[in-house]
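Comments concern the structure below.
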Number of protein chains: 2
Amino acid sequence: MSSSPGRSAKRATILDVAAAAGVSRQTVTRAMNDMTGIRQDTRERVQQLAREMGYTPSRYAKGLVQGARTAIGLAIPDLTNPYFPAFASSVVEMATLRGWNVVVDDFGHGSGSSLDAVKRLSPQVDAVIGYLGPSADKAQALLGQRPVVVLDEPAGLTAGGISFDYSFAAGLALERLGAIGSTRLAYLDAGPATLLSARGAAVSRAAADLGIELTVVHSRDSAEGARDAVGSLVAEYPAVDGLLTFNDLMAAGALKGLAASGRSVPRDCAVIGMDGIPLGLLITPELTTLSLDLRDVGRAAVDLLDGLLTGALPPYGAGSHLTLRHELAIRGSA
Amino acid sequence: MSSSPGRSAKRATILDVAAAAGVSRQTVTRAMNDMTGIRQDTRERVQQLAREMGYTPSRYAKGLVQGARTAIGLAIPDLTNPYFPAFASSVVEMATLRGWNVVVDDFGHGSGSSLDAVKRLSPQVDAVIGYLGPSADKAQALLGQRPVVVLDEPAGLTAGGISFDYSFAAGLALERLGAIGSTRLAYLDAGPATLLSARGAAVSRAAADLGIELTVVHSRDSAEGARDAVGSLVAEYPAVDGLLTFNDLMAAGALKGLAASGRSVPRDCAVIGMDGIPLGLLITPELTTLSLDLRDVGRAAVDLLDGLLTGALPPYGAGSHLTLRHELAIRGSA
DNA sequence: AACAAGTTCGTGAACGTTCACGAAGTATTT
DNA sequence: AAATACTTCGTGAACGTTCACGAACTTGTT
């Protein structure tokens with residue numbers, strides 16, 4: 001059926017090219033890899049022939065004999081949320097510095113869970129860094145001995161991990177809101193209303209400890225979701241004068257929601273985001289946020305993985321888990 | 001020197017595990033891959049042993065015998081510019097649908113050129129999609145027979161390509177600016193002042209054709225660069241009342257620059273961006289832009305690559321190059 | 001013309017795994 | 001107790017490449 005010329009069947013191998021050129025394997029190797037010890041005209045003839053036959057050396061055979069280049073997998077929930085590319089960018093940079101390749105899998109297209117991502121990644125990589133969520137332990141099991149660095153989950157489930165001190169962050173935010181006189185506070189969490197995120201839990205606890213009234217509302221993890229949720233929030237709870245959000249993207253949406261409801265930020269209602277992505281500096285007002293240096297996070301993840309891969313760091317041991325702290329970046333919104 | 005226990009030296013192979021367990025290769029294979037035909041207790045014993053010895057099957061050997069999974073490389077100038085993750089997200093999604101893996105390389109860390117990225121990618125992938133710029137032909141040479149889909153470059157240099165009809169886009173933008181009464185126009189290009197980008201050339205030509213006055217200024221391809229450049233622009237050319245930018249990120253910066261200079265958008269000066277990234281909806285005013293459906297771009301790139309890989313599409317032939325058109329998304333800024 | 005030195009090329013082995021098949025052992029039936 | 005069926009395991013071959021080494025050919029020197 002296919003009218004494509006002499007295709008399919010099987011890929012051409014080095015032996016096919018050698019036979020066609022009337023030379024040996026080794027000569028073809030020399031021609032393809034620009035090695036020495038081959039006459040110029042044969043080199044060109046072989047290269048030409050290889051091109052015509054559509055020959056490409058098998059990276060598997062090559063890797064087998066030459067020893068492995070290390071490749072790591074990066075499992076990301078949603079490249080559409082600007083937090084993750086910022087993180088990914090830093091991981092890719094640090095990995096490239098070490099000569100590693102990075103295979104990226106984005107499991108946010110409704111196409112599945114982090115576990116599916118790890119399954120797809122598994123045959124191609126020596127290790128994984130990712131936001132794997134609660135199924136991190138299953139991912140580790142899937143990868144066997146290969147190290148995994150999980151972000152934003154409790155220690156111990158995987159070989160390595162990085163988490164964040166949300167109690168600390170929540171304290172900073174509540175302190176700031178108190179300082180500027182906000183007393184009727186709300187927190188906008190990501191995810192279904194039935195489930196409180198780790199960030200949400202920390203904020204609730206911190207508020208309770210300080211005896212501060214806090215309304216918790218929920219929306220999808222997106223700017224649009226946040227905008228709509230904030231619209232409902234101010235309708236039901238008009239007195240709200242301080243808002244903390246799950247992340248910066250939702251804070252941006254919240255800003256739009258507040259504007260649509262005729263509230264001025266920060267005069268009527270202060271807003272604090274979380275994570276400190278560059279987007280925060282482009283919106284109006286500029287976003288006050290609990291900031292994280294994403295380059296540091298990426299660097300820390302890759303450093304950890306490096307230690308795990310070389311064996312310098314004990315898996316599951318001390319030093320293989322890191323806790324980072326946000327700092328408060330005060331800008332226009334609170 | 002290293003005090004890590006029994007590490008380094010060489011990776012454990014399947015034979016090491018087999019010897020340690022007193023069984024054969026094949027039995028280890030059966031244990032590791034959860035295959036049938038093995039007793040439960042030997043399976044567990046082997047798995048346990050493998051874990052202790054730090055054994056991980058070589059993906060090269062596995063790939064060699066099982067036949068290749070296809071992996072594609074994605075070469076991106078700068079993951080920090082929100083345009084590229086939006087594009088990357090779509091490529092990753094489409095590739096995942098086909099069961100491909102995606103190796104991402106970001107060459108924007110000052111660490112080098114697109115050619116370096118392709119060099120790093122080459123040993124790991126079967127094909128490349130990327131914004132390779134003018135050195136696309138060299139990249140193709142590097143990859144030999146393997147297909148390359150280049151974005152935003154003229155046809156013919158590589159096996160496949162996708163470009164954009166900037167004349168058409170420029171026409172749309174100038175028409176809109178005319179319709180809302182802007183007559184003293186400026187265009188903010190990315191890159192050094194000595195070089196006019198393809199986008200810039202198209203805008204200049206369109207303006208000349210229409211007999212419209214157009215001032216061209218330059219800045220780095222970043223929001224900050226654009227903000228500063230627009231500050232200088234309004235200082236030197238106070239009458240400017242319409243601004244077109246290289247892309248949306250720079251438009252966002254321009255908006256900040258105009259605000260800092262006390263100009264109201266769109267009243268004092270209208271602004272039109274390019275590419276239609278989601279960010280445009282989060283800033284104030286919402287950005288009028290020459291919009292591209294980035295999911296379409298990613299889909300088109302992967303479709304093209306698929307055709308080239310299977311041989312359904314002739315390399316360098318008709319149908320292996322696509323030209324897409326922007327459409328005008330009218331929002332608040334113009 | 002003979003020898004040395006350099007250039008060009010080819011052959012066996014190895015990389016680590018899975019596949020196809022056959023051998024041995026164990027349970028089930030007659 | 002023998003025959004059968006099933007379970008568990010092992011062995012040769014193959015995947016496609018590069019490395020180490022040696023053979024053949026070419027050129028230069030005495």
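Numbering starts fresh at 1 for the residues of each chain in the structure tokens, the chains themselves are lettered A, B, ... in the order given, and ligands are numbered from 1 as they appear.
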Taking only residues of chain A that have an atom at most 12 Å from an atom of chain D, what is each one's shortest atom pair and its distance in Å to one decimal, using only C-alpha atoms (C1' of nucleotides), in chain and number order, as JSON lines?
```
{"residue": "A:Arg11", "atom": "CA", "partner": "D:DG16", "partner_atom": "C1'", "distance": 10.9}
{"residue": "A:Ala12", "atom": "CA", "partner": "D:DG16", "partner_atom": "C1'", "distance": 10.3}
{"residue": "A:Thr13", "atom": "CA", "partner": "D:DG16", "partner_atom": "C1'", "distance": 6.9}
{"residue": "A:Ile14", "atom": "CA", "partner": "D:DG16", "partner_atom": "C1'", "distance": 7.3}
{"residue": "A:Leu15", "atom": "CA", "partner": "D:DG16", "partner_atom": "C1'", "distance": 8.8}
{"residue": "A:Asp16", "atom": "CA", "partner": "D:DG16", "partner_atom": "C1'", "distance": 11.2}
{"residue": "A:Arg25", "atom": "CA", "partner": "D:DT17", "partner_atom": "C1'", "distance": 9.0}
{"residue": "A:Gln26", "atom": "CA", "partner": "D:DT18", "partner_atom": "C1'", "distance": 8.2}
{"residue": "A:Thr27", "atom": "CA", "partner": "D:DT18", "partner_atom": "C1'", "distance": 11.4}
{"residue": "A:Val28", "atom": "CA", "partner": "D:DT17", "partner_atom": "C1'", "distance": 10.8}
{"residue": "A:Thr29", "atom": "CA", "partner": "D:DT18", "partner_atom": "C1'", "distance": 8.0}
{"residue": "A:Arg30", "atom": "CA", "partner": "D:DT18", "partner_atom": "C1'", "distance": 10.0}
{"residue": "A:Met32", "atom": "CA", "partner": "D:DT17", "partner_atom": "C1'", "distance": 11.8}
{"residue": "A:Asn33", "atom": "CA", "partner": "D:DT18", "partner_atom": "C1'", "distance": 10.8}
{"residue": "A:Met35", "atom": "CA", "partner": "D:DT18", "partner_atom": "C1'", "distance": 11.9}
{"residue": "A:Tyr55", "atom": "CA", "partner": "D:DG16", "partner_atom": "C1'", "distance": 12.0}
{"residue": "A:Thr56", "atom": "CA", "partner": "D:DG16", "partner_atom": "C1'", "distance": 10.8}
{"residue": "A:Pro57", "atom": "CA", "partner": "D:DT17", "partner_atom": "C1'", "distance": 7.7}
{"residue": "A:Ser58", "atom": "CA", "partner": "D:DG16", "partner_atom": "C1'", "distance": 6.5}
{"residue": "A:Arg59", "atom": "CA", "partner": "D:DT17", "partner_atom": "C1'", "distance": 8.6}
{"residue": "A:Tyr60", "atom": "CA", "partner": "D:DG16", "partner_atom": "C1'", "distance": 7.9}
{"residue": "A:Ala61", "atom": "CA", "partner": "D:DT17", "partner_atom": "C1'", "distance": 4.7}
{"residue": "A:Lys62", "atom": "CA", "partner": "D:DT17", "partner_atom": "C1'", "distance": 5.0}
{"residue": "A:Gly63", "atom": "CA", "partner": "D:DT17", "partner_atom": "C1'", "distance": 8.3}
{"residue": "A:Leu64", "atom": "CA", "partner": "D:DT17", "partner_atom": "C1'", "distance": 7.8}
{"residue": "A:Val65", "atom": "CA", "partner": "D:DT18", "partner_atom": "C1'", "distance": 6.0}
{"residue": "A:Gln66", "atom": "CA", "partner": "D:DT18", "partner_atom": "C1'", "distance": 6.9}
{"residue": "A:Gly67", "atom": "CA", "partner": "D:DT18", "partner_atom": "C1'", "distance": 10.5}
```
Selection export as a PDB file, in the first residue's frame, atoms kept: C-alpha atoms:
```
ATOM      1  CA  ARG A  11      16.591   0.104   9.408  1.00  0.00           C
ATOM      2  CA  ALA A  12      19.854  -0.089   7.558  1.00  0.00           C
ATOM      3  CA  THR A  13      22.742  -1.243   9.713  1.00  0.00           C
ATOM      4  CA  ILE A  14      26.416  -0.619   9.511  1.00  0.00           C
ATOM      5  CA  LEU A  15      26.839  -3.940   7.731  1.00  0.00           C
ATOM      6  CA  ASP A  16      24.438  -2.924   4.967  1.00  0.00           C
ATOM      7  CA  ARG A  25      32.312  -2.313   9.396  1.00  0.00           C
ATOM      8  CA  GLN A  26      35.287  -0.578  10.853  1.00  0.00           C
ATOM      9  CA  THR A  27      35.805   1.559   7.785  1.00  0.00           C
ATOM     10  CA  VAL A  28      32.219   2.681   7.923  1.00  0.00           C
ATOM     11  CA  THR A  29      32.685   3.535  11.597  1.00  0.00           C
ATOM     12  CA  ARG A  30      35.750   5.559  10.708  1.00  0.00           C
ATOM     13  CA  MET A  32      30.838   8.162  10.153  1.00  0.00           C
ATOM     14  CA  ASN A  33      32.741   9.371  13.187  1.00  0.00           C
ATOM     15  CA  MET A  35      38.115   9.217  12.715  1.00  0.00           C
ATOM     16  CA  TYR A  55      21.708   4.897   7.715  1.00  0.00           C
ATOM     17  CA  THR A  56      21.918   6.230  11.260  1.00  0.00           C
ATOM     18  CA  PRO A  57      24.041   4.474  13.858  1.00  0.00           C
ATOM     19  CA  SER A  58      22.012   2.864  16.614  1.00  0.00           C
ATOM     20  CA  ARG A  59      22.422   4.867  19.789  1.00  0.00           C
ATOM     21  CA  TYR A  60      21.802   1.709  21.762  1.00  0.00           C
ATOM     22  CA  ALA A  61      24.649  -0.228  20.213  1.00  0.00           C
ATOM     23  CA  LYS A  62      26.866   2.778  20.509  1.00  0.00           C
ATOM     24  CA  GLY A  63      25.940   3.385  24.101  1.00  0.00           C
ATOM     25  CA  LEU A  64      26.432  -0.257  24.942  1.00  0.00           C
ATOM     26  CA  VAL A  65      29.998  -0.352  23.804  1.00  0.00           C
ATOM     27  CA  GLN A  66      31.064   3.166  24.658  1.00  0.00           C
ATOM     28  CA  GLY A  67      29.676   3.294  28.163  1.00  0.00           C
TER      29      GLY A  67
END
```
- as a ChimeraX atom specification, please: all residues of range 163-287 of chain B that backbone DSSP puts in alpha helix (DSSP H). /B:166-179,198-210,223-236,248-260
Taking the DSSP assignment computed from this structure's backbone, write out as a PDB file with N, CA and C atoms, in the first residue's frame all residues of range 2-97 of chain A that belong to strand (DSSP E or B).
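Resulting contents of result.pdb:
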```pdb
ATOM      1  N   ALA A  71      21.455  10.037  31.590  1.00  0.00           N
ATOM      2  CA  ALA A  71      20.266  10.792  31.229  1.00  0.00           C
ATOM      3  C   ALA A  71      19.318  10.783  32.423  1.00  0.00           C
ATOM      4  N   ILE A  72      18.758  11.913  32.726  1.00  0.00           N
ATOM      5  CA  ILE A  72      17.813  11.967  33.833  1.00  0.00           C
ATOM      6  C   ILE A  72      16.424  12.331  33.319  1.00  0.00           C
ATOM      7  N   GLY A  73      15.427  11.875  34.018  1.00  0.00           N
ATOM      8  CA  GLY A  73      14.058  12.206  33.664  1.00  0.00           C
ATOM      9  C   GLY A  73      13.557  13.337  34.542  1.00  0.00           C
ATOM     10  N   LEU A  74      12.755  14.203  33.955  1.00  0.00           N
ATOM     11  CA  LEU A  74      12.174  15.297  34.707  1.00  0.00           C
ATOM     12  C   LEU A  74      10.657  15.207  34.546  1.00  0.00           C
ATOM     13  N   ALA A  75       9.984  14.883  35.637  1.00  0.00           N
ATOM     14  CA  ALA A  75       8.531  14.701  35.585  1.00  0.00           C
ATOM     15  C   ALA A  75       7.847  15.924  36.167  1.00  0.00           C
ATOM     16  N   ILE A  76       7.061  16.560  35.344  1.00  0.00           N
ATOM     17  CA  ILE A  76       6.500  17.873  35.649  1.00  0.00           C
ATOM     18  C   ILE A  76       4.980  17.802  35.506  1.00  0.00           C
TER      19      ILE A  76
END
```
- Can you list, as a VMD selection string, every protein, DNA or RNA residue that comes within 12 Å of His321 in chain A when you count only C-alpha atoms (C1' of nucleotides), leaving out same-chain residues fewer than 3 positions away? chain A and resid 148 to 164 300 to 301 303 to 305 307 to 308 313 to 318 324
Once you have the residues from the selection above, write them out as a short mmCIF file (atom, residue, chain, number, x, y, z; two decimals), in the first residue's frame, restricted to C-alpha atoms.
```
data_model
loop_
_atom_site.label_atom_id
_atom_site.label_comp_id
_atom_site.auth_asym_id
_atom_site.auth_seq_id
_atom_site.Cartn_x
_atom_site.Cartn_y
_atom_site.Cartn_z
CA VAL A 148 14.75 9.64 42.63
CA VAL A 149 14.62 13.19 43.91
CA VAL A 150 11.10 14.17 44.81
CA LEU A 151 10.05 17.73 45.36
CA ASP A 152 7.48 18.90 47.80
CA GLU A 153 6.85 15.61 49.61
CA PRO A 154 7.80 14.42 53.09
CA ALA A 155 11.22 12.84 53.53
CA GLY A 156 11.89 9.15 53.41
CA LEU A 157 9.69 7.96 50.60
CA THR A 158 12.39 8.14 47.98
CA ALA A 159 16.15 8.14 47.76
CA GLY A 160 16.30 11.93 47.82
CA GLY A 161 13.93 14.76 48.43
CA ILE A 162 13.47 18.48 48.66
CA SER A 163 10.66 20.00 50.61
CA PHE A 164 9.67 23.42 51.74
CA ALA A 300 19.81 21.61 44.87
CA ALA A 301 17.85 18.89 43.10
CA ASP A 303 23.30 18.30 43.32
CA LEU A 304 21.34 15.82 45.36
CA LEU A 305 20.91 13.54 42.39
CA GLY A 307 25.48 12.70 45.10
CA LEU A 308 23.05 9.83 44.90
CA LEU A 313 25.25 10.41 49.40
CA PRO A 314 23.50 7.53 51.13
CA PRO A 315 20.05 6.88 49.73
CA TYR A 316 17.35 7.56 52.30
CA GLY A 317 20.07 8.80 54.61
CA ALA A 318 20.90 12.07 56.26
CA LEU A 324 14.22 25.08 51.75
#
```
- Task: Give me the RMSD in Å over all C-alpha atoms, paired in order, after least-squares superposition of chain A onto chain B.
- Result: 0.1 Å
Spatial neighbours of range 140-142 of chain B, max dist 10 Å, only C-alpha atoms (C1' of nucleotides), sep filter under 2 positions, as a CSV table (one decimal) with N, CA and C atoms, in the first residue's frame:
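So selection.csv came out as:
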```
chain,number,residue,atom,x,y,z
B,115,LEU,N,23.7,25.0,18.0
B,115,LEU,CA,24.5,23.9,17.5
B,115,LEU,C,25.0,23.1,18.6
B,118,VAL,N,22.3,20.8,19.7
B,118,VAL,CA,22.1,19.7,18.8
B,118,VAL,C,23.2,18.7,19.0
B,119,LYS,N,24.4,19.1,19.3
B,119,LYS,CA,25.5,18.2,19.5
B,119,LYS,C,25.2,17.4,20.8
B,122,SER,N,22.3,14.9,19.9
B,122,SER,CA,22.5,14.0,18.8
B,122,SER,C,22.7,12.5,19.3
B,127,ALA,N,15.5,12.3,16.1
B,127,ALA,CA,15.1,13.4,15.3
B,127,ALA,C,15.1,14.7,16.2
B,128,VAL,N,15.0,15.8,15.6
B,128,VAL,CA,15.1,17.1,16.4
B,128,VAL,C,14.0,18.0,15.9
B,132,LEU,N,16.2,26.7,15.8
B,132,LEU,CA,17.7,26.5,15.6
B,132,LEU,C,18.3,27.8,15.0
B,135,SER,N,21.7,28.7,12.0
B,135,SER,CA,22.6,27.5,11.9
B,135,SER,C,21.9,26.2,11.7
B,136,ALA,N,20.7,26.3,11.3
B,136,ALA,CA,19.8,25.1,11.1
B,136,ALA,C,20.5,24.1,10.1
B,137,ASP,N,21.1,24.6,9.1
B,137,ASP,CA,21.6,23.7,8.1
B,137,ASP,C,22.8,22.9,8.7
B,138,LYS,N,23.6,23.6,9.5
B,138,LYS,CA,24.7,22.9,10.1
B,138,LYS,C,24.2,21.8,11.1
B,144,GLY,N,22.8,14.2,10.1
B,144,GLY,CA,22.8,13.3,9.0
B,144,GLY,C,21.4,13.1,8.5
B,145,GLN,N,21.1,11.8,8.4
B,145,GLN,CA,19.8,11.4,7.8
B,145,GLN,C,18.6,11.7,8.7
B,146,ARG,N,18.9,11.9,10.0
B,146,ARG,CA,17.7,12.0,10.9
B,146,ARG,C,17.0,13.3,10.6
B,147,PRO,N,15.7,13.2,10.6
B,147,PRO,CA,14.9,14.4,10.3
B,147,PRO,C,15.0,15.5,11.3
B,148,VAL,N,14.9,16.7,10.8
B,148,VAL,CA,14.9,17.9,11.7
B,148,VAL,C,13.7,18.8,11.3
B,149,VAL,N,13.0,19.2,12.2
B,149,VAL,CA,11.9,20.2,11.9
B,149,VAL,C,12.3,21.5,12.6
B,150,VAL,N,12.6,22.5,11.8
B,150,VAL,CA,13.0,23.8,12.3
B,150,VAL,C,11.9,24.8,12.3
B,157,LEU,N,16.3,24.4,4.2
B,157,LEU,CA,17.6,24.2,4.9
B,157,LEU,C,17.6,22.8,5.6
B,158,THR,N,16.4,22.4,6.0
B,158,THR,CA,16.3,21.1,6.8
B,158,THR,C,15.2,20.3,6.2
B,159,ALA,N,15.2,19.0,6.7
B,159,ALA,CA,14.2,18.1,6.2
B,159,ALA,C,12.8,18.7,6.3
```
- Message: Using only C-alpha atoms and a distance of at most 7 Å, pull out the residues of chain B that contact chain A, as a PyMOL selection string.
- Response: chain B and resi 4+7+51+54-56+59-61+63-64+79-80+85-86+89+92-93+101-106+109+123-124+144-145+252+282-284+311-312
Could you save those same residues with N, CA and C atoms as a CSV table (one decimal), in the first residue's frame?
```
chain,number,residue,atom,x,y,z
B,4,SER,N,32.7,5.0,50.3
B,4,SER,CA,31.4,4.4,50.0
B,4,SER,C,31.6,3.0,49.7
B,7,ARG,N,31.4,0.5,45.9
B,7,ARG,CA,30.8,1.3,44.8
B,7,ARG,C,31.7,1.4,43.6
B,51,ARG,N,18.6,-5.5,44.3
B,51,ARG,CA,18.5,-4.2,45.0
B,51,ARG,C,19.8,-4.0,45.8
B,54,GLY,N,22.7,-3.0,43.8
B,54,GLY,CA,22.6,-1.8,43.0
B,54,GLY,C,22.5,-2.1,41.5
B,55,TYR,N,21.9,-3.2,41.2
B,55,TYR,CA,21.8,-3.5,39.8
B,55,TYR,C,20.6,-2.9,39.1
B,56,THR,N,20.9,-2.2,38.0
B,56,THR,CA,19.9,-1.7,37.1
B,56,THR,C,20.2,-2.1,35.7
B,59,ARG,N,19.9,0.3,29.8
B,59,ARG,CA,18.9,0.6,28.8
B,59,ARG,C,19.4,0.5,27.4
B,60,TYR,N,20.7,0.5,27.2
B,60,TYR,CA,21.3,0.3,25.9
B,60,TYR,C,21.1,-1.1,25.4
B,61,ALA,N,21.5,-2.0,26.3
B,61,ALA,CA,21.4,-3.4,26.0
B,61,ALA,C,20.0,-3.8,25.7
B,63,GLY,N,17.5,-1.8,24.9
B,63,GLY,CA,17.0,-1.1,23.6
B,63,GLY,C,17.5,-1.8,22.4
B,64,LEU,N,18.8,-2.3,22.5
B,64,LEU,CA,19.4,-3.0,21.4
B,64,LEU,C,18.6,-4.2,21.0
B,79,LEU,N,13.9,28.7,28.1
B,79,LEU,CA,12.7,28.3,28.8
B,79,LEU,C,12.1,29.3,29.7
B,80,THR,N,12.9,30.4,29.8
B,80,THR,CA,12.5,31.5,30.7
B,80,THR,C,11.5,32.4,30.0
B,85,PRO,N,8.0,27.5,26.8
B,85,PRO,CA,7.4,26.4,27.5
B,85,PRO,C,6.0,26.1,27.0
B,86,ALA,N,5.3,27.1,26.5
B,86,ALA,CA,3.9,26.9,26.0
B,86,ALA,C,4.1,26.0,24.7
B,89,SER,N,5.3,22.5,25.8
B,89,SER,CA,4.2,21.7,26.4
B,89,SER,C,3.4,21.0,25.4
B,92,VAL,N,5.5,18.1,23.8
B,92,VAL,CA,5.6,17.0,24.7
B,92,VAL,C,4.3,16.2,24.7
B,93,GLU,N,3.2,16.9,24.7
B,93,GLU,CA,1.9,16.3,24.7
B,93,GLU,C,1.7,15.4,23.5
B,101,ASN,N,9.6,9.7,23.5
B,101,ASN,CA,10.2,10.5,24.6
B,101,ASN,C,10.8,11.8,24.1
B,102,VAL,N,10.8,12.8,24.9
B,102,VAL,CA,11.3,14.1,24.5
B,102,VAL,C,12.5,14.5,25.3
B,103,VAL,N,13.6,14.7,24.7
B,103,VAL,CA,14.8,15.2,25.4
B,103,VAL,C,14.9,16.7,25.2
B,104,VAL,N,14.9,17.5,26.2
B,104,VAL,CA,14.8,18.9,26.1
B,104,VAL,C,16.2,19.5,26.3
B,105,ASP,N,16.6,20.4,25.5
B,105,ASP,CA,17.8,21.1,25.7
B,105,ASP,C,17.6,22.6,25.6
B,106,ASP,N,17.9,23.3,26.6
B,106,ASP,CA,17.7,24.8,26.6
B,106,ASP,C,19.1,25.4,26.5
B,109,HIS,N,21.4,29.6,28.4
B,109,HIS,CA,22.1,30.0,29.6
B,109,HIS,C,23.4,30.7,29.2
B,123,PRO,N,23.5,12.2,20.3
B,123,PRO,CA,23.6,10.8,20.6
B,123,PRO,C,22.4,10.1,21.2
B,124,GLN,N,21.4,10.9,21.6
B,124,GLN,CA,20.3,10.4,22.3
B,124,GLN,C,19.0,10.3,21.6
B,144,GLY,N,22.8,14.2,10.1
B,144,GLY,CA,22.8,13.3,9.0
B,144,GLY,C,21.4,13.1,8.5
B,145,GLN,N,21.1,11.8,8.4
B,145,GLN,CA,19.8,11.4,7.8
B,145,GLN,C,18.6,11.7,8.7
B,252,ALA,N,4.8,43.0,27.3
B,252,ALA,CA,4.5,43.1,28.7
B,252,ALA,C,5.5,44.1,29.4
B,282,LEU,N,-3.1,38.1,31.7
B,282,LEU,CA,-2.9,38.3,33.1
B,282,LEU,C,-2.5,39.7,33.4
B,283,ILE,N,-1.9,40.4,32.4
B,283,ILE,CA,-1.4,41.7,32.7
B,283,ILE,C,-2.5,42.8,32.4
B,284,THR,N,-2.2,44.0,32.8
B,284,THR,CA,-3.2,45.1,32.7
B,284,THR,C,-2.6,46.2,31.9
B,311,GLY,N,8.6,8.2,6.7
B,311,GLY,CA,8.8,8.2,5.2
B,311,GLY,C,7.6,8.6,4.4
B,312,ALA,N,6.5,8.9,5.1
B,312,ALA,CA,5.3,9.3,4.4
B,312,ALA,C,5.5,10.7,3.7
```
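Take CA of Met250 in chain B and CA of Ile272 in chain A: the distance between them is 25.2 Å.
The part of chain C that reaches within 10 Å of chain B is made up of DC15, DG16, DT17, DT18 and DC19 of chain C, counting only C-alpha atoms (C1' of nucleotides).
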Expected file contents, prior selection, N, CA, C and O atoms (P, O5', C5', C4', C3', O3' and C1' of nucleotides), as a PDB file, in the first residue's frame:
```
ATOM      1  P    DC C  15      32.762  -7.651  28.210  1.00  0.00           P
ATOM      2  O5'  DC C  15      31.716  -6.452  28.077  1.00  0.00           O
ATOM      3  C5'  DC C  15      32.108  -5.116  27.820  1.00  0.00           C
ATOM      4  C4'  DC C  15      30.903  -4.355  27.316  1.00  0.00           C
ATOM      5  C3'  DC C  15      29.598  -4.802  27.953  1.00  0.00           C
ATOM      6  O3'  DC C  15      29.332  -3.973  29.075  1.00  0.00           O
ATOM      7  C1'  DC C  15      29.390  -4.465  25.572  1.00  0.00           C
ATOM      8  P    DG C  16      28.967  -4.719  30.505  1.00  0.00           P
ATOM      9  O5'  DG C  16      27.417  -5.071  30.348  1.00  0.00           O
ATOM     10  C5'  DG C  16      26.513  -4.009  30.163  1.00  0.00           C
ATOM     11  C4'  DG C  16      25.171  -4.557  29.755  1.00  0.00           C
ATOM     12  C3'  DG C  16      24.608  -5.613  30.711  1.00  0.00           C
ATOM     13  O3'  DG C  16      23.291  -5.224  31.059  1.00  0.00           O
ATOM     14  C1'  DG C  16      24.519  -6.380  28.491  1.00  0.00           C
ATOM     15  P    DT C  17      22.432  -6.037  32.120  1.00  0.00           P
ATOM     16  O5'  DT C  17      21.319  -6.649  31.166  1.00  0.00           O
ATOM     17  C5'  DT C  17      20.359  -5.792  30.583  1.00  0.00           C
ATOM     18  C4'  DT C  17      19.835  -6.324  29.275  1.00  0.00           C
ATOM     19  C3'  DT C  17      18.811  -7.444  29.377  1.00  0.00           C
ATOM     20  O3'  DT C  17      17.522  -6.855  29.529  1.00  0.00           O
ATOM     21  C1'  DT C  17      20.314  -7.692  27.499  1.00  0.00           C
ATOM     22  P    DT C  18      16.283  -7.804  29.946  1.00  0.00           P
ATOM     23  O5'  DT C  18      15.890  -8.479  28.539  1.00  0.00           O
ATOM     24  C5'  DT C  18      15.328  -7.659  27.527  1.00  0.00           C
ATOM     25  C4'  DT C  18      15.168  -8.464  26.265  1.00  0.00           C
ATOM     26  C3'  DT C  18      14.096  -9.549  26.333  1.00  0.00           C
ATOM     27  O3'  DT C  18      13.299  -9.453  25.169  1.00  0.00           O
ATOM     28  C1'  DT C  18      16.145 -10.492  25.622  1.00  0.00           C
ATOM     29  P    DC C  19      11.897 -10.251  25.089  1.00  0.00           P
ATOM     30  O5'  DC C  19      12.178 -11.360  23.991  1.00  0.00           O
ATOM     31  C5'  DC C  19      12.820 -10.987  22.784  1.00  0.00           C
ATOM     32  C4'  DC C  19      13.119 -12.220  21.936  1.00  0.00           C
ATOM     33  C3'  DC C  19      12.064 -13.322  22.036  1.00  0.00           C
ATOM     34  O3'  DC C  19      11.816 -13.838  20.739  1.00  0.00           O
ATOM     35  C1'  DC C  19      14.191 -14.190  22.597  1.00  0.00           C
TER      36       DC C  19
END
```
- Query: How far is it from CA of Ala270 in chain B to CA of Leu188 in chain B, in Å with one decimal?
  - Reply: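 Separating CA of Ala270 in chain B from CA of Leu188 in chain B is a distance of 13.0 Å.
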- Task: Show which residues sit within 12 Å of Leu244 in chain B, as a PyMOL selection string. Count only C-alpha atoms (C1' of nucleotides), and ignore same-chain residues fewer than 5 positions away.
- Result: chain B and resi 169-177+182+184-190+199-200+203-204+207+214-218+226+230+249-252+254-255+269-275+287-290+333-334
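Interatomic distance, CA of Arg98 in chain A to CA of Val302 in chain A: 9.4 Å.
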